[in-house]
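The next block is start-v1.tsv, given as TSV, C-alpha atoms.
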chain	number	residue	atom	x	y	z
A	1	MET	CA	143.65	65.22	100.38
A	2	SER	CA	145.48	63.32	97.63
A	3	ASN	CA	145.45	62.64	93.91
A	4	PHE	CA	143.33	59.53	94.37
A	5	SER	CA	139.77	59.73	93.16
A	6	ARG	CA	136.94	58.89	95.58
A	7	ARG	CA	136.40	55.66	93.65
A	8	ASP	CA	140.08	54.71	94.07
A	9	THR	CA	139.94	55.48	97.77
A	10	LEU	CA	136.80	53.41	98.33
A	11	ARG	CA	138.27	50.53	96.33
A	12	LEU	CA	141.47	50.51	98.38
A	13	LEU	CA	139.63	50.81	101.69
A	14	SER	CA	137.24	48.04	100.77
A	15	ALA	CA	140.10	45.77	99.84
A	16	ALA	CA	141.87	46.51	103.09
A	17	ILE	CA	138.82	45.72	105.20
A	18	ALA	CA	137.96	42.63	103.18
A	19	ALA	CA	141.47	41.33	103.60
A	20	VAL	CA	141.06	41.28	107.37
A	21	GLY	CA	137.51	39.96	107.34
A	22	ALA	CA	138.58	36.56	108.61
A	23	SER	CA	140.12	38.10	111.72
A	24	THR	CA	137.05	39.98	112.90
A	25	ALA	CA	135.71	36.93	114.75
A	26	LEU	CA	132.20	37.18	113.35
A	27	PRO	CA	129.61	34.91	114.99
A	28	ALA	CA	129.29	31.71	112.98
A	29	ARG	CA	125.52	32.03	112.52
A	30	ALA	CA	125.73	35.53	111.06
A	31	ALA	CA	125.54	34.67	107.39
A	32	GLY	CA	123.19	36.25	104.90
A	33	GLY	CA	120.01	38.24	105.33
A	34	LYS	CA	119.85	41.92	106.10
A	35	ILE	CA	119.83	44.27	109.07
A	36	THR	CA	118.48	47.77	109.59
A	37	VAL	CA	120.57	50.30	111.51
A	38	LEU	CA	119.20	53.50	113.09
A	39	ASN	CA	121.81	56.25	113.39
A	40	TRP	CA	122.79	59.81	112.50
A	41	LYS	CA	123.49	60.15	108.78
A	42	GLY	CA	127.20	60.00	107.95
A	43	TYR	CA	128.21	58.71	111.37
A	44	GLY	CA	130.46	55.70	110.80
A	45	THR	CA	127.96	52.92	110.37
A	46	ASP	CA	127.01	53.96	106.84
A	47	GLU	CA	130.47	54.25	105.27
A	48	ALA	CA	129.99	52.69	101.82
A	49	TRP	CA	133.41	51.02	101.71
A	50	SER	CA	132.81	49.35	105.08
A	51	LEU	CA	129.30	48.15	104.25
A	52	GLU	CA	130.55	46.62	101.01
A	53	ALA	CA	133.32	44.77	102.85
A	54	PHE	CA	130.94	43.67	105.63
A	55	GLN	CA	128.48	42.24	103.16
A	56	LYS	CA	131.28	40.45	101.33
A	57	ALA	CA	132.51	38.90	104.60
A	58	THR	CA	129.08	37.95	106.02
A	59	GLY	CA	126.51	38.04	103.24
A	60	ILE	CA	124.54	40.56	105.31
A	61	GLU	CA	123.05	43.62	103.62
A	62	VAL	CA	122.93	46.73	105.82
A	63	ILE	CA	120.06	49.19	105.43
A	64	HIS	CA	119.97	52.52	107.26
A	65	ASP	CA	117.30	54.71	108.72
A	66	TYR	CA	118.27	58.09	110.16
A	67	PHE	CA	117.21	60.48	112.90
A	68	SER	CA	117.90	64.18	113.29
A	69	SER	CA	117.83	64.35	117.09
A	70	GLU	CA	118.27	61.99	120.03
A	71	ALA	CA	114.63	62.47	120.96
A	72	GLU	CA	113.61	61.43	117.45
A	73	SER	CA	115.65	58.24	117.71
A	74	LEU	CA	113.59	57.15	120.73
A	75	THR	CA	110.36	58.11	118.96
A	76	LYS	CA	111.29	56.01	115.93
A	77	MET	CA	111.96	52.98	118.14
A	78	ARG	CA	108.70	53.46	120.03
A	79	THR	CA	106.58	53.77	116.90
A	80	ASN	CA	108.32	51.11	114.80
A	81	PRO	CA	108.73	48.02	117.01
A	82	GLY	CA	110.57	45.22	115.24
A	83	ALA	CA	111.84	47.51	112.49
A	84	TYR	CA	115.44	47.89	113.66
A	85	ASP	CA	118.32	45.56	114.44
A	86	VAL	CA	121.04	47.98	115.62
A	87	VAL	CA	120.50	51.43	117.13
A	88	LEU	CA	122.98	54.15	118.02
A	89	LEU	CA	122.38	55.66	121.46
A	90	ASN	CA	124.21	58.31	123.42
A	91	SER	CA	125.02	57.04	126.90
A	92	ALA	CA	122.60	59.58	128.37
A	93	ARG	CA	119.73	57.89	126.50
A	94	VAL	CA	120.52	54.20	127.09
A	95	SER	CA	118.68	53.92	130.41
A	96	THR	CA	115.53	55.45	128.93
A	97	ALA	CA	115.58	53.03	126.00
A	98	ALA	CA	116.27	50.06	128.29
A	99	THR	CA	113.60	50.84	130.88
A	100	GLU	CA	111.04	51.31	128.09
A	101	GLY	CA	111.96	47.92	126.66
A	102	LEU	CA	113.24	49.37	123.39
A	103	ILE	CA	116.63	47.64	123.50
A	104	ALA	CA	117.72	44.18	124.61
A	105	PRO	CA	120.50	43.30	127.06
A	106	ALA	CA	123.84	42.99	125.29
A	107	ASP	CA	125.10	39.43	124.83
A	108	LEU	CA	128.84	40.08	124.74
A	109	SER	CA	129.56	36.43	123.93
A	110	MET	CA	128.28	37.29	120.43
A	111	VAL	CA	130.56	40.36	120.21
A	112	PRO	CA	134.15	39.07	120.61
A	113	ASN	CA	135.73	42.48	120.08
A	114	ALA	CA	133.92	43.74	123.18
A	115	ALA	CA	136.65	42.02	125.20
A	116	ASP	CA	138.90	44.96	124.33
A	117	VAL	CA	136.42	47.70	125.17
A	118	ASN	CA	137.53	49.94	128.03
A	119	PRO	CA	136.31	48.12	131.19
A	120	ASP	CA	135.32	51.40	132.83
A	121	LEU	CA	133.03	52.13	129.92
A	122	LEU	CA	131.49	48.67	129.86
A	123	ALA	CA	130.68	48.95	133.57
A	124	ASN	CA	129.63	52.59	133.42
A	125	PRO	CA	126.18	53.12	134.98
A	126	ASN	CA	125.07	54.79	131.76
A	127	PHE	CA	125.21	51.42	130.02
A	128	THR	CA	124.10	49.06	132.79
A	129	ILE	CA	120.91	48.39	134.72
A	130	ASP	CA	120.88	45.90	137.59
A	131	GLY	CA	124.23	44.55	136.45
A	132	LYS	CA	123.12	44.00	132.85
A	133	GLY	CA	124.73	45.88	129.99
A	134	TYR	CA	122.32	47.29	127.40
A	135	ALA	CA	124.69	48.76	124.81
A	136	VAL	CA	128.25	48.17	123.69
A	137	PRO	CA	130.30	51.38	124.08
A	138	TRP	CA	131.43	52.33	120.58
A	139	VAL	CA	133.08	55.75	120.41
A	140	TRP	CA	133.66	58.68	122.71
A	141	GLY	CA	134.66	62.29	122.43
A	142	MET	CA	134.90	65.50	124.37
A	143	THR	CA	133.63	69.03	124.46
A	144	SER	CA	136.28	71.39	125.76
A	145	VAL	CA	138.25	74.36	124.40
A	146	ALA	CA	139.58	74.96	120.91
A	147	ALA	CA	142.01	77.85	120.52
A	148	ARG	CA	144.09	79.48	117.85
A	149	GLU	CA	147.66	78.15	117.85
A	150	GLY	CA	149.81	79.70	120.56
A	151	ILE	CA	146.97	80.35	123.02
A	152	THR	CA	146.97	78.47	126.33
A	153	ILE	CA	143.86	78.00	128.50
A	154	ALA	CA	144.65	76.53	131.93
A	155	SER	CA	141.12	76.74	133.36
A	156	TYR	CA	137.62	77.36	132.06
A	157	LYS	CA	137.65	80.45	134.26
A	158	ASP	CA	140.34	81.86	131.96
A	159	LEU	CA	137.67	82.22	129.27
A	160	ALA	CA	136.44	85.30	131.13
A	161	ALA	CA	139.87	86.98	131.02
A	162	PRO	CA	140.01	90.48	129.45
A	163	ALA	CA	142.56	89.16	126.93
A	164	TYR	CA	139.70	87.44	125.10
A	165	ALA	CA	137.27	90.37	125.00
A	166	GLY	CA	135.08	89.89	121.96
A	167	ARG	CA	137.15	86.89	120.86
A	168	PHE	CA	135.23	83.98	122.40
A	169	ALA	CA	132.63	81.72	120.75
A	170	MET	CA	130.17	79.60	122.71
A	171	ASP	CA	128.34	76.44	121.70
A	172	ASP	CA	124.60	77.22	121.68
A	173	ASP	CA	123.70	74.08	123.61
A	174	ALA	CA	122.09	74.21	127.04
A	175	MET	CA	123.50	70.90	128.30
A	176	ILE	CA	127.05	71.84	127.28
A	177	ALA	CA	126.76	75.37	128.66
A	178	VAL	CA	125.52	74.18	132.06
A	179	ALA	CA	128.15	71.43	132.18
A	180	MET	CA	130.88	73.97	131.52
A	181	GLY	CA	129.43	76.26	134.18
A	182	ALA	CA	129.43	73.32	136.57
A	183	LEU	CA	133.12	72.71	135.90
A	184	MET	CA	133.82	76.43	136.41
A	185	THR	CA	132.15	76.26	139.83
A	186	GLY	CA	133.42	72.84	140.95
A	187	GLN	CA	130.13	70.98	140.58
A	188	ASP	CA	128.88	67.69	139.15
A	189	ILE	CA	128.16	68.27	135.44
A	190	ASN	CA	125.13	65.96	135.52
A	191	ASP	CA	123.58	67.00	138.85
A	192	PRO	CA	124.80	70.41	139.95
A	193	THR	CA	123.30	71.69	143.18
A	194	ASP	CA	123.91	75.43	142.78
A	195	LEU	CA	122.38	76.58	139.51
A	196	PRO	CA	122.57	80.29	140.45
A	197	ALA	CA	126.38	79.96	140.70
A	198	ILE	CA	126.47	78.42	137.23
A	199	THR	CA	124.28	81.22	135.91
A	200	GLU	CA	126.66	83.85	137.26
A	201	ALA	CA	129.73	81.99	135.96
A	202	LEU	CA	128.27	81.89	132.45
A	203	LYS	CA	127.17	85.52	132.65
A	204	SER	CA	130.75	86.49	133.54
A	205	LEU	CA	131.72	85.52	129.98
A	206	LYS	CA	129.49	88.21	128.41
A	207	PRO	CA	132.24	90.77	127.60
A	208	ASN	CA	134.11	88.11	125.67
A	209	VAL	CA	131.26	86.40	123.80
A	210	LYS	CA	131.47	87.25	120.11
A	211	MET	CA	129.06	84.64	118.84
A	212	LEU	CA	127.01	81.55	119.61
A	213	TRP	CA	127.59	78.82	117.05
A	214	SER	CA	125.39	75.85	116.25
A	215	SER	CA	127.16	73.83	113.55
A	216	GLU	CA	130.67	72.67	112.71
A	217	ASP	CA	130.48	74.34	109.31
A	218	GLN	CA	129.56	77.66	110.91
A	219	TRP	CA	132.42	77.26	113.40
A	220	ASN	CA	134.98	76.57	110.68
A	221	LYS	CA	133.90	79.49	108.50
A	222	SER	CA	133.87	81.93	111.42
A	223	PHE	CA	137.23	80.77	112.75
A	224	ALA	CA	138.76	81.00	109.28
A	225	ALA	CA	137.36	84.53	109.00
A	226	ASN	CA	139.20	85.44	112.23
A	227	GLU	CA	135.97	86.23	114.07
A	228	PHE	CA	137.18	84.62	117.30
A	229	ASP	CA	140.28	83.00	118.82
A	230	VAL	CA	138.90	80.77	121.57
A	231	SER	CA	135.78	78.63	121.65
A	232	VAL	CA	133.95	75.79	123.28
A	233	PHE	CA	134.23	73.01	120.71
A	234	TRP	CA	134.18	69.24	120.39
A	235	SER	CA	137.27	67.10	119.97
A	236	GLY	CA	136.37	65.43	116.68
A	237	GLY	CA	135.49	68.79	115.17
A	238	ALA	CA	138.87	70.20	116.17
A	239	VAL	CA	140.63	67.25	114.52
A	240	ARG	CA	138.67	67.73	111.29
A	241	SER	CA	139.17	71.51	111.36
A	242	ARG	CA	142.92	71.11	111.61
A	243	ARG	CA	143.33	68.13	109.26
A	244	ASN	CA	140.71	68.76	106.61
A	245	ALA	CA	140.20	72.53	106.72
A	246	LYS	CA	143.87	73.22	107.54
A	247	LEU	CA	142.90	75.65	110.31
A	248	PRO	CA	145.52	76.61	112.95
A	249	VAL	CA	143.54	75.29	115.90
A	250	ASP	CA	144.64	73.42	119.02
A	251	PHE	CA	142.31	71.37	121.24
A	252	ILE	CA	142.85	72.07	124.94
A	253	VAL	CA	141.54	70.26	128.02
A	254	PRO	CA	141.74	72.64	131.01
A	255	SER	CA	142.53	71.54	134.55
A	256	GLU	CA	138.86	70.83	135.37
A	257	GLY	CA	138.71	68.19	132.62
A	258	ALA	CA	136.60	67.79	129.51
A	259	ILE	CA	132.87	67.21	129.13
A	260	VAL	CA	132.87	63.62	127.88
A	261	TRP	CA	130.22	61.93	125.77
A	262	VAL	CA	130.01	58.25	124.84
A	263	ASP	CA	127.92	56.63	122.11
A	264	GLY	CA	126.98	52.97	122.18
A	265	LEU	CA	125.52	50.43	119.78
A	266	ALA	CA	122.56	48.43	121.03
A	267	MET	CA	120.40	45.64	119.71
A	268	ALA	CA	116.77	46.67	119.37
A	269	THR	CA	114.16	44.59	121.13
A	270	GLY	CA	112.59	42.23	118.61
A	271	ALA	CA	115.48	42.64	116.17
A	272	PRO	CA	114.61	40.65	113.02
A	273	ASN	CA	118.21	39.45	112.68
A	274	PRO	CA	119.91	39.36	116.11
A	275	GLU	CA	122.90	37.35	114.87
A	276	GLY	CA	123.43	39.83	112.07
A	277	ALA	CA	123.07	42.71	114.52
A	278	ALA	CA	125.75	41.23	116.79
A	279	ALA	CA	128.05	40.67	113.83
A	280	PHE	CA	127.66	44.28	112.74
A	281	ILE	CA	128.33	45.67	116.22
A	282	ASN	CA	131.42	43.47	116.38
A	283	TRP	CA	132.56	44.85	113.01
A	284	MET	CA	132.05	48.44	114.14
A	285	ILE	CA	134.33	48.07	117.18
A	286	ASP	CA	137.00	46.10	115.33
A	287	PRO	CA	140.39	47.90	115.40
A	288	LYS	CA	140.90	47.37	111.67
A	289	PHE	CA	137.66	49.11	110.76
A	290	TYR	CA	138.33	51.89	113.24
A	291	VAL	CA	141.83	52.71	112.02
A	292	GLU	CA	140.58	53.01	108.44
A	293	TRP	CA	137.63	55.15	109.51
A	294	ALA	CA	139.70	57.41	111.75
A	295	THR	CA	142.68	57.95	109.46
A	296	LYS	CA	140.91	58.14	106.11
A	297	VAL	CA	137.64	59.80	107.07
A	298	GLY	CA	137.85	61.16	110.60
A	299	ALA	CA	136.29	59.62	113.69
A	300	PRO	CA	135.82	60.10	117.43
A	301	ALA	CA	137.88	58.01	119.85
A	302	SER	CA	137.16	54.30	119.86
A	303	ALA	CA	135.89	52.69	123.07
A	304	ASN	CA	138.01	49.68	122.05
A	305	ALA	CA	141.38	50.24	123.75
A	306	LYS	CA	143.21	48.18	121.12
A	307	ALA	CA	141.61	50.18	118.33
A	308	LEU	CA	142.63	53.52	119.80
A	309	ALA	CA	146.15	52.23	120.47
A	310	ALA	CA	146.42	51.03	116.86
A	311	LEU	CA	146.27	54.56	115.47
A	312	PRO	CA	149.56	55.93	114.14
A	313	ALA	CA	151.34	57.96	116.82
A	314	ASP	CA	151.21	61.08	114.63
A	315	ASP	CA	147.47	60.79	113.97
A	316	LEU	CA	145.64	63.90	115.18
A	317	SER	CA	142.81	61.87	116.70
A	318	ALA	CA	145.31	59.86	118.75
A	319	GLN	CA	146.99	63.05	119.92
A	320	VAL	CA	143.71	64.70	120.95
A	321	HIS	CA	141.87	61.73	122.48
A	322	LYS	CA	144.27	60.82	125.27
A	323	PRO	CA	143.01	57.95	127.44
A	324	GLU	CA	143.50	60.00	130.62
A	325	TYR	CA	140.79	62.38	129.44
A	326	MET	CA	138.19	59.62	129.70
A	327	VAL	CA	137.08	60.38	133.27
A	328	SER	CA	133.86	58.63	134.30
A	329	LYS	CA	132.58	61.48	136.49
A	330	ASN	CA	132.72	63.81	133.49
A	331	VAL	CA	130.64	61.57	131.22
A	332	MET	CA	127.31	63.13	130.31
A	333	SER	CA	124.61	60.94	131.84
A	334	ALA	CA	120.87	60.48	131.79
A	335	MET	CA	118.84	63.05	133.70
A	336	PRO	CA	115.18	63.55	134.58
A	337	ASP	CA	113.07	65.77	132.38
A	338	GLU	CA	112.66	68.42	135.06
A	339	ARG	CA	116.44	68.84	135.40
A	340	ARG	CA	116.85	69.04	131.64
A	341	GLU	CA	114.13	71.70	131.56
A	342	ALA	CA	115.89	73.63	134.33
A	343	PHE	CA	119.13	73.57	132.31
A	344	ASN	CA	117.29	74.83	129.23
A	345	ASN	CA	115.68	77.66	131.23
A	346	LEU	CA	119.03	78.64	132.73
A	347	TRP	CA	120.64	78.84	129.29
A	348	GLN	CA	117.76	80.92	127.90
A	349	GLU	CA	118.27	83.39	130.75
A	350	VAL	CA	122.01	83.58	130.07
A	351	LYS	CA	121.50	84.07	126.32
A	352	ALA	CA	119.04	86.87	126.96
A	353	PHE	CA	121.67	88.49	129.19
A	354	TYR	CA	124.27	88.19	126.44
A	355	ALA	CA	121.89	89.92	124.03
A	356	GLU	CA	121.21	92.93	126.28
Kindly transcribe the structure held in the file into structure tokens.
Amino acid sequence: MSNFSRRDTLRLLSAAIAAVGASTALPARAAGGKITVLNWKGYGTDEAWSLEAFQKATGIEVIHDYFSSEAESLTKMRTNPGAYDVVLLNSARVSTAATEGLIAPADLSMVPNAADVNPDLLANPNFTIDGKGYAVPWVWGMTSVAAREGITIASYKDLAAPAYAGRFAMDDDAMIAVAMGALMTGQDINDPTDLPAITEALKSLKPNVKMLWSSEDQWNKSFAANEFDVSVFWSGGAVRSRRNAKLPVDFIVPSEGAIVWVDGLAMATGAPNPEGAAAFINWMIDPKFYVEWATKVGAPASANAKALAALPADDLSAQVHKPEYMVSKNVMSAMPDERREAFNNLWQEVKAFYAE
């Protein structure tokens, strides 16, 4: 990346964040103590340079606990009441956590930077129950199409074209696969009514499917080895693949739109340090933190409109995460267990067909 050592980079980033600490509008009572954050490991909230600057500005020590799946995050909250202050939740899981009493309603008066969060996201049904918001939208991203430079994909239906025979890679994820099939057949990604049509649409891709991938590292290695040219992929991964791995990949959103996901930060019910939790959420959606995170490390799109707009015009994340791609109807939402099971069964049938 540069000739700077990791220590130099962290020192410079810490200084930059500390220098703007006074402008982050931290709640006055948030001074001292500690908070515990539940999140994926390595996902923004545990950046060492940011935590050092946050503690310097507030006196609050941040401790992390991690989960390895969204289901595990709910289990940890259920079995450890009062253990967490801030929890990361995908929008599809917020309603479950709220109805079970695992998270508290969001008091936006304690999170000044929430004033700049995209209003459509704040009011999105994924984050609200009976008019009350239960999480502050933090970052968003997309699953769509990544293609080798020079390739154009106008529609998801194009992925079945003979030109891509044996050159297509699919994300081995039932929810993503069904959502893409729904877009191919003009249906609601969260509540499609014609699952047989989705099954047939996904089966039509069989001649082109070279591989099913399950991790970003696997995707990068296989793309670099020229094993495929076109793939279902996520936006942040495409940015990192191009910027960090120097791969010749473009991120494309076809005419049907992208499959959008949104992650929010919520205060756990019974949080030991609610003021500290609010201060940390406010810090996480601050434009100054986001720009450093996005440009120096790599990040999804910020839900804070000012933060996203503050990115340099030539930043890859800014170029990929265009505001017009944030379409509410394409946001992955909560669904009942029986529908999730039906999606899983559909994908198992399609995978078995691919393997024949």
Return as JSON the box centre and box size in Å, one decimal, for an axis-aligned box around all listed atoms of range 130-146 of chain A padded by 5 Å per side.
{"center_x": 130.2, "center_y": 59.5, "center_z": 129.0, "size_x": 28.7, "size_y": 41.0, "size_z": 27.2}
* Quick one, how far is CA of Asp315 in chain A from CA of Ala258 in chain A? ->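 Distance reported for this atom pair: 20.2 Å.
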* Asked: Suppose you want the space between CA of Ala342 in chain A and CA of Asp172 in chain A; what is it in Å?
  ->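 Pair CA of Ala342 in chain A / CA of Asp172 in chain A returns 15.8 Å.
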* To do: Find the residue from A:Ala92, A:Ile35, A:Met175, A:Ile63 that sits nearest to Glu341 in chain A; use only C-alpha atoms when measuring.
  => A:Met175
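Checking A:Leu122, A:Val260, A:Leu183, A:Leu205 one by one against Val331 in chain A, counting all atoms listed in the file, you find the shortest gap at A:Val260.
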* To do: One decimal, Å: what's the distance from CA of Arg339 in chain A over to CA of Lys157 in chain A, could you say?
  => 24.2 Å
